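Read the structure below first, then the notes.
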Amino acid sequence: MSQLPVRIARWSARHAWRAIAGWFVFVVLCLGVGIAVGTDEAAVEDFRVGEAGRAEAMAAEGGLQRRPTEQIMFSAKSGPLDMEAAGSAARDLTERMRKLPEVDSVAAPVRSEDGTVLRVSVVLKGPELEGRKNVAPLLEQTAKVRDDHPDLVVEETGSPSISKGVNDQRGKDLALSERITLPVTLVTLLIVFGSVVMAGVPLLLALSSIAAALGLSMISSHVLPDPGVGTNMILLIGLAVGVDYTLFYLKREREERARAGGRLAPEALVELAAATAGRAIVVSGLAVIVSTSTLYLATDVIFSSLATGTILVVAVAMVSSLTVLPALLVTIGHRTERRAARKAARRASRGKPVRTKRAEAETGRVSGALLRPAQKHPALTLCVSALVMLALAAPALGLRLVDPGKDTFSRDIPAMQVYDRLNAAFPELLVKHEIVARSTPDRAAEVRRALADLGRRAQADPLFAGNAEPKVRTSADGRISVLELAVPFPAPSGEAIESLGHLREDYLPTTVGRLPGVETGVSGDVARGRDYVDHENGKLPLVIGFLLLVTFVMTVWAFRSVVIGLIGVVLNLLSAGASLGLLVVFFQGTWAEDLLAFDSLGAIASRVPLFLFVILFGLSMDYQVFVVSRIQEARQNGMSAREAVLDGISRSAKVVTSAAIVMVTVFGAFVALHLTEMKQMGFCLAVAVLLDAVVIRLMVLPSLLLLLGERAWWPLRPARPSLPAPTAASAGVPFENVG
């Protein structure tokens, strides 16, 4: 393992321009092939889980599945609604919509109970998720009707237009996050390196890695369908790890350059950096990939997409750091040497002494101050910092999970504003439960009667919309029947969830559920959300268990120490728990709504905790591997356990802090997004990385290692690496003088 990065770096250094050209050909090829094959988007059936998914599959058998539907409303700009004018506008709209190839059917106008709104329902062709692609022509026709009837308010909403609005908003949000993160990242790198060229290298490699990963994700979507979140994950993780890996390598190369004092050529310097930082990058990248792969155990299309995007971009970033980065460093190094030689010659010609650059300080002022308590009082520092982290984690015990549906989308989306007005005028459209029954065709009448009986019982329940007539639909072959029941409460509300419980536990078992040989199930917005949360909760122990196991195994494999492996698991749990606790404090209540510009769900999005644990365990390995590798290296160089801890952490503190600033900026920018779930993810990751880099790596870890001493490396002492000496050619000195 330790020899592979060196061999790759040696070839790259000796064939710099071939390596650089090869990398950019690879990026263009990945992106080109990806665009050519396109993205295979996830279909409705890919999202089905639990009883709701089973019921939807039965409904689809009979052609009774949900269809993408738009609602167009007509209301007065002021005063009572002129029904004659509204009827004329509705007829105009109906005629226009029926001419569109995207439209399947247009229903007759329906008047609201208070008579202030007239509504027309338009059903689009194709499956439910295809609606957002085909809704644009409908929105155009609605706008034309609005122009032709200026005395009326003409508005359109529905799942297709809402989905389109969410996608448009997400695109603008991602552009905003890029405008925030790229300048901050560049400034951070300028501070670290003091050179525009050297600061541009990490950004160049990170952005090219993202481009290649995007192309590869399009190709991989033909194996694992893309639900539309993979791109977000590639952008979120790609910039963070791409800059981090390059930063680790660059810092080590600069250390070796300062230590050599001009005695080694750039080729030799990158070989030395590859033997240490290169190995750490490989171990760290593999750890992120292996830990992220545990998301596949969730058997969920969204988590599978998140895992695929993360794995691809981490793998590409790791490869770029090992291959093209050495070539870039050698090219830049030779140019720097030539410039320095010309500058020295000019100073010598003027009779001025030649200045030599002093080695830069290893530990920043802030990092040194944070490390000092662990150095002087390790036991006290460990106790205090651990107690603080546990206190931050305590609120996570009150965690409540919810599946965020369309009711939680930002009201900055015009279709969501119309959606609220639609539900106010027609509360029976707010939420619908769908009871599906499957039997033999000869029992269709019996099943319909039982479903009608269920509908009558539900109408007497205040949790259901009693004024809405229950509708029973039966497939052409008589095998499938579907009953729709309206609920006048939002899907995430307690009343809507309670109504689902009444339906599944009381009404269904005593009506159609009693018929022998009839298969039943309940679907709908509420059922989908509850079953999804239950599905995730059921998979959580399995995923977390495997995550802890692979993290432990990877750490033991990397450092040959069971104790270091256990420490890594415990520290990752500590940082993940603390960030999850802070997430509950900020997002589960309402006090931070104005501060972070969101509407509280009263709970945490169900995907966030599992995503947080898996991604954080992977990303934390970046810092764990880099810091512990420096400590291990110091021990192999003959230092005592205490000296090795202080030396290793001091040497890595500045680069870890710089890498953390980049990650916190990238993740923190997602707090500015509109989608509450993305806000929660960005906040949690930013807080976790900050706590991990500052509290865990500069306080808890050094305190623990100082207290354990040599026992931290039980049962085996780390093997002494066989670091190759730079070749004579790369060192730039005669062969007989090498040694």
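Chain labels follow the order of the structure tokens: the first chain is A, the next B, and so on; residue numbering restarts at 1 in every chain, and ligands are counted from 1 in their shown order.
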**Request:** Please provide as a count of residues only all residues within 7 Å of segment 279-283 of chain A, with the sequence filter that same-chain residues fewer than 5 positions apart are discarded (counting only C-alpha atoms).
**Result:** 9
**Request:** Rounded to one decimal place, report the atom CA of Gly278 of chain A-atom CA of Val25 of chain A distance in Å.
**Result:**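 Separating atom CA of Gly278 of chain A from atom CA of Val25 of chain A is a distance of 22.8 Å.
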Which neighbours of Gly309 of chain A fall inside 10 Å, counting only C-alpha atoms, when residues of the same chain fewer than 6 positions from it are skipped, and could you give them as a short mmCIF file (atom, residue, chain, number, x, y, z; two decimals) with all heavy atoms, in the first residue's frame?
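File written: result.cif
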```cif
data_model
loop_
_atom_site.label_atom_id
_atom_site.label_comp_id
_atom_site.auth_asym_id
_atom_site.auth_seq_id
_atom_site.Cartn_x
_atom_site.Cartn_y
_atom_site.Cartn_z
N ILE A 210 -15.11 16.91 -9.67
CA ILE A 210 -16.57 17.00 -9.66
C ILE A 210 -17.13 16.77 -11.06
O ILE A 210 -18.12 16.04 -11.24
CB ILE A 210 -17.01 18.37 -9.11
CG1 ILE A 210 -16.73 18.46 -7.61
CG2 ILE A 210 -18.49 18.63 -9.40
CD1 ILE A 210 -16.96 19.83 -7.02
N ALA A 213 -16.88 13.10 -11.90
CA ALA A 213 -17.84 12.33 -11.10
C ALA A 213 -19.27 12.52 -11.60
O ALA A 213 -20.07 11.59 -11.58
CB ALA A 213 -17.73 12.72 -9.63
N LEU A 214 -19.59 13.73 -12.06
CA LEU A 214 -20.93 13.97 -12.61
C LEU A 214 -21.16 13.10 -13.85
O LEU A 214 -22.24 12.53 -14.02
CB LEU A 214 -21.09 15.45 -12.96
CG LEU A 214 -21.25 16.41 -11.78
CD1 LEU A 214 -21.24 17.86 -12.26
CD2 LEU A 214 -22.53 16.13 -11.00
N LEU A 216 -19.61 10.25 -14.55
CA LEU A 216 -19.70 8.86 -14.12
C LEU A 216 -21.04 8.55 -13.45
O LEU A 216 -21.56 7.44 -13.57
CB LEU A 216 -18.55 8.55 -13.15
CG LEU A 216 -17.14 8.55 -13.76
CD1 LEU A 216 -16.09 8.39 -12.66
CD2 LEU A 216 -17.00 7.44 -14.79
N SER A 217 -21.60 9.54 -12.76
CA SER A 217 -22.89 9.32 -12.09
C SER A 217 -24.01 9.14 -13.13
O SER A 217 -24.95 8.38 -12.89
CB SER A 217 -23.22 10.49 -11.16
OG SER A 217 -23.52 11.67 -11.89
N MET A 218 -23.91 9.84 -14.25
CA MET A 218 -24.90 9.65 -15.32
C MET A 218 -24.81 8.22 -15.85
O MET A 218 -25.84 7.59 -16.12
CB MET A 218 -24.66 10.66 -16.44
CG MET A 218 -24.84 12.11 -16.05
SD MET A 218 -24.48 13.23 -17.44
CE MET A 218 -24.36 14.80 -16.59
N SER A 220 -23.61 5.56 -14.20
CA SER A 220 -24.01 4.62 -13.16
C SER A 220 -25.51 4.62 -12.93
O SER A 220 -26.06 3.65 -12.40
CB SER A 220 -23.29 4.94 -11.85
OG SER A 220 -23.72 6.18 -11.32
N ASP A 226 -31.34 7.32 -10.75
CA ASP A 226 -31.06 8.55 -10.02
C ASP A 226 -32.38 9.24 -9.63
O ASP A 226 -33.16 9.62 -10.49
CB ASP A 226 -30.23 9.49 -10.89
CG ASP A 226 -29.94 10.82 -10.21
OD1 ASP A 226 -29.97 10.85 -8.97
OD2 ASP A 226 -29.69 11.81 -10.91
N VAL A 229 -30.96 13.39 -6.45
CA VAL A 229 -30.17 13.94 -5.34
C VAL A 229 -28.69 13.66 -5.50
O VAL A 229 -27.87 14.21 -4.74
CB VAL A 229 -30.66 13.38 -3.99
CG1 VAL A 229 -32.10 13.78 -3.73
CG2 VAL A 229 -30.53 11.85 -3.94
N GLY A 230 -28.31 12.80 -6.45
CA GLY A 230 -26.90 12.44 -6.60
C GLY A 230 -26.02 13.63 -6.95
O GLY A 230 -24.91 13.77 -6.43
N THR A 231 -26.53 14.51 -7.83
CA THR A 231 -25.74 15.68 -8.22
C THR A 231 -25.47 16.59 -7.02
O THR A 231 -24.36 17.11 -6.86
CB THR A 231 -26.49 16.47 -9.31
OG1 THR A 231 -26.66 15.64 -10.46
CG2 THR A 231 -25.71 17.71 -9.71
N ASN A 232 -26.49 16.78 -6.19
CA ASN A 232 -26.30 17.60 -4.99
C ASN A 232 -25.19 17.04 -4.11
O ASN A 232 -24.36 17.79 -3.56
CB ASN A 232 -27.60 17.65 -4.17
CG ASN A 232 -28.71 18.38 -4.91
OD1 ASN A 232 -28.46 19.04 -5.91
ND2 ASN A 232 -29.92 18.25 -4.42
N MET A 233 -25.16 15.72 -3.96
CA MET A 233 -24.15 15.10 -3.11
C MET A 233 -22.76 15.23 -3.71
O MET A 233 -21.78 15.46 -2.99
CB MET A 233 -24.52 13.63 -2.89
CG MET A 233 -23.69 12.92 -1.84
SD MET A 233 -23.57 13.83 -0.28
CE MET A 233 -25.28 14.24 -0.02
N ILE A 234 -22.65 15.10 -5.02
CA ILE A 234 -21.34 15.24 -5.67
C ILE A 234 -20.80 16.64 -5.47
O ILE A 234 -19.62 16.84 -5.17
CB ILE A 234 -21.46 14.88 -7.17
CG1 ILE A 234 -21.67 13.38 -7.33
CG2 ILE A 234 -20.22 15.33 -7.93
CD1 ILE A 234 -21.96 12.94 -8.75
N LEU A 235 -21.65 17.65 -5.62
CA LEU A 235 -21.22 19.03 -5.41
C LEU A 235 -20.88 19.28 -3.95
O LEU A 235 -19.90 19.97 -3.63
CB LEU A 235 -22.31 19.99 -5.87
CG LEU A 235 -22.64 19.98 -7.37
CD1 LEU A 235 -23.84 20.87 -7.66
CD2 LEU A 235 -21.45 20.42 -8.19
N LEU A 236 -21.69 18.74 -3.04
CA LEU A 236 -21.49 18.96 -1.61
C LEU A 236 -20.19 18.34 -1.12
O LEU A 236 -19.38 18.99 -0.44
CB LEU A 236 -22.68 18.38 -0.84
CG LEU A 236 -22.66 18.53 0.69
CD1 LEU A 236 -22.83 19.99 1.08
CD2 LEU A 236 -23.76 17.69 1.33
N ILE A 237 -19.96 17.09 -1.47
CA ILE A 237 -18.80 16.36 -0.98
C ILE A 237 -17.56 16.62 -1.84
O ILE A 237 -16.44 16.67 -1.34
CB ILE A 237 -19.09 14.84 -0.92
CG1 ILE A 237 -20.29 14.57 -0.01
CG2 ILE A 237 -17.87 14.08 -0.44
CD1 ILE A 237 -20.08 14.95 1.43
N GLY A 238 -17.78 16.80 -3.15
CA GLY A 238 -16.64 16.89 -4.07
C GLY A 238 -15.70 18.03 -3.76
O GLY A 238 -14.48 17.85 -3.72
N THR A 292 -19.30 4.80 3.42
CA THR A 292 -20.47 5.29 2.69
C THR A 292 -21.24 4.15 2.04
O THR A 292 -22.46 4.23 1.90
CB THR A 292 -20.02 6.30 1.62
OG1 THR A 292 -19.30 7.37 2.23
CG2 THR A 292 -21.22 6.90 0.89
N PHE A 303 -31.00 6.88 -0.64
CA PHE A 303 -29.72 6.63 0.02
C PHE A 303 -28.73 5.96 -0.93
O PHE A 303 -27.53 6.22 -0.86
CB PHE A 303 -29.93 5.76 1.27
CG PHE A 303 -30.38 6.54 2.46
CD1 PHE A 303 -31.53 6.19 3.14
CD2 PHE A 303 -29.66 7.63 2.91
CE1 PHE A 303 -31.95 6.91 4.25
CE2 PHE A 303 -30.07 8.36 4.02
CZ PHE A 303 -31.22 7.99 4.69
#
```
**Message:** as a PyMOL selection string, please: the residues near Cys30 of chain A (cut-off 12 Å, only C-alpha atoms, same-chain neighbours under 2 positions excluded).
**Reply:** chain A and resi 23-28+32-38+208-220+312+316
**Asked** Which residues, written as JSON, numbers by chain, have at least one atom at most 10 Å from Phe47 of chain A, with only C-alpha atoms counted and residues fewer than 5 positions away on the same chain left out?
**Response** {"A": [42, 53, 227, 300, 301, 302, 528, 532]}
**Prompt:** atom CA of Leu508 of chain A and atom CA of Arg530 of chain A are how many Å apart?
**Reply:**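 Between atom CA of Leu508 of chain A and atom CA of Arg530 of chain A the gap works out to 17.3 Å.
For segment 610-622 of chain A, the non-local neighbours within 7 Å, defined as residues at least 3 positions apart in the same chain or in other chains and counting only C-alpha atoms, are Ser284, Ala287, Val288, Ser291, Thr292, Leu540, Leu547, Asn572, Ala576, Arg607, Val625, Phe626 and Leu685 of chain A.
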**Message:** Report as a ChimeraX atom specification all protein, DNA and RNA residues lying within 12 Å of Leu328 of chain A, evaluated on only C-alpha atoms, omitting residues in the same chain fewer than 5 positions from it.
**Reply:** /A:9,12-21,23,197-198,200-202,204-205,246,249-250,253,266-267,270,320-323,333-335
Closest-contact table, segment 143-198 of chain A side, partner segment 659-682 of chain A, 8 Å, counting only C-alpha atoms, as CSV:
```
residue,atom,partner,partner_atom,distance
A:Gln169,CA,A:His674,CA,7.6
A:Arg170,CA,A:Leu673,CA,7.6
A:Asp173,CA,A:Leu673,CA,5.4
A:Leu174,CA,A:Leu673,CA,7.7
A:Ser177,CA,A:Ala669,CA,5.1
A:Ile180,CA,A:Ala669,CA,6.6
A:Thr181,CA,A:Val666,CA,5.4
A:Val184,CA,A:Thr665,CA,7.1
A:Thr185,CA,A:Val662,CA,5.5
A:Thr188,CA,A:Val662,CA,7.3
```
Could you give me, as CSV, every segment 75-172 of chain A residue with an atom at most 10 Å from segment 63-66 of chain A, plus its closest atom pair and distance in Å to one decimal, counting only C-alpha atoms, rows ordered by chain then number?
```
residue,atom,partner,partner_atom,distance
A:Pro127,CA,A:Arg66,CA,7.8
A:Glu128,CA,A:Arg66,CA,6.2
A:Leu129,CA,A:Arg66,CA,9.8
```
Once you count only C-alpha atoms, what closest atom pair and distance in Å to one decimal does each residue of segment 477-515 of chain A within 8 Å of segment 402-416 of chain A have, with rows by chain and rising residue number, as JSON lines?
```
{"residue": "A:Pro490", "atom": "CA", "partner": "A:Asp407", "partner_atom": "CA", "distance": 6.9}
{"residue": "A:Ala491", "atom": "CA", "partner": "A:Asp407", "partner_atom": "CA", "distance": 7.2}
{"residue": "A:Pro492", "atom": "CA", "partner": "A:Val402", "partner_atom": "CA", "distance": 7.2}
```
Dump of all heavy atoms for the selected residues, as a short mmCIF file (atom, residue, chain, number, x, y, z; two decimals), in the first residue's frame:
```cif
data_model
loop_
_atom_site.label_atom_id
_atom_site.label_comp_id
_atom_site.auth_asym_id
_atom_site.auth_seq_id
_atom_site.Cartn_x
_atom_site.Cartn_y
_atom_site.Cartn_z
N PRO A 490 -52.96 18.88 7.08
CA PRO A 490 -51.70 18.67 6.36
C PRO A 490 -51.11 17.30 6.66
O PRO A 490 -51.31 16.74 7.74
CB PRO A 490 -50.80 19.79 6.89
CG PRO A 490 -51.73 20.80 7.47
CD PRO A 490 -52.91 20.05 7.97
N ALA A 491 -50.37 16.77 5.69
CA ALA A 491 -49.82 15.41 5.81
C ALA A 491 -48.93 15.23 7.04
O ALA A 491 -49.00 14.18 7.69
CB ALA A 491 -49.06 15.05 4.54
N PRO A 492 -48.07 16.19 7.41
CA PRO A 492 -47.21 15.95 8.57
C PRO A 492 -47.91 16.14 9.92
O PRO A 492 -47.31 15.90 10.96
CB PRO A 492 -46.09 16.99 8.42
CG PRO A 492 -46.27 17.61 7.08
CD PRO A 492 -47.71 17.44 6.73
#
```
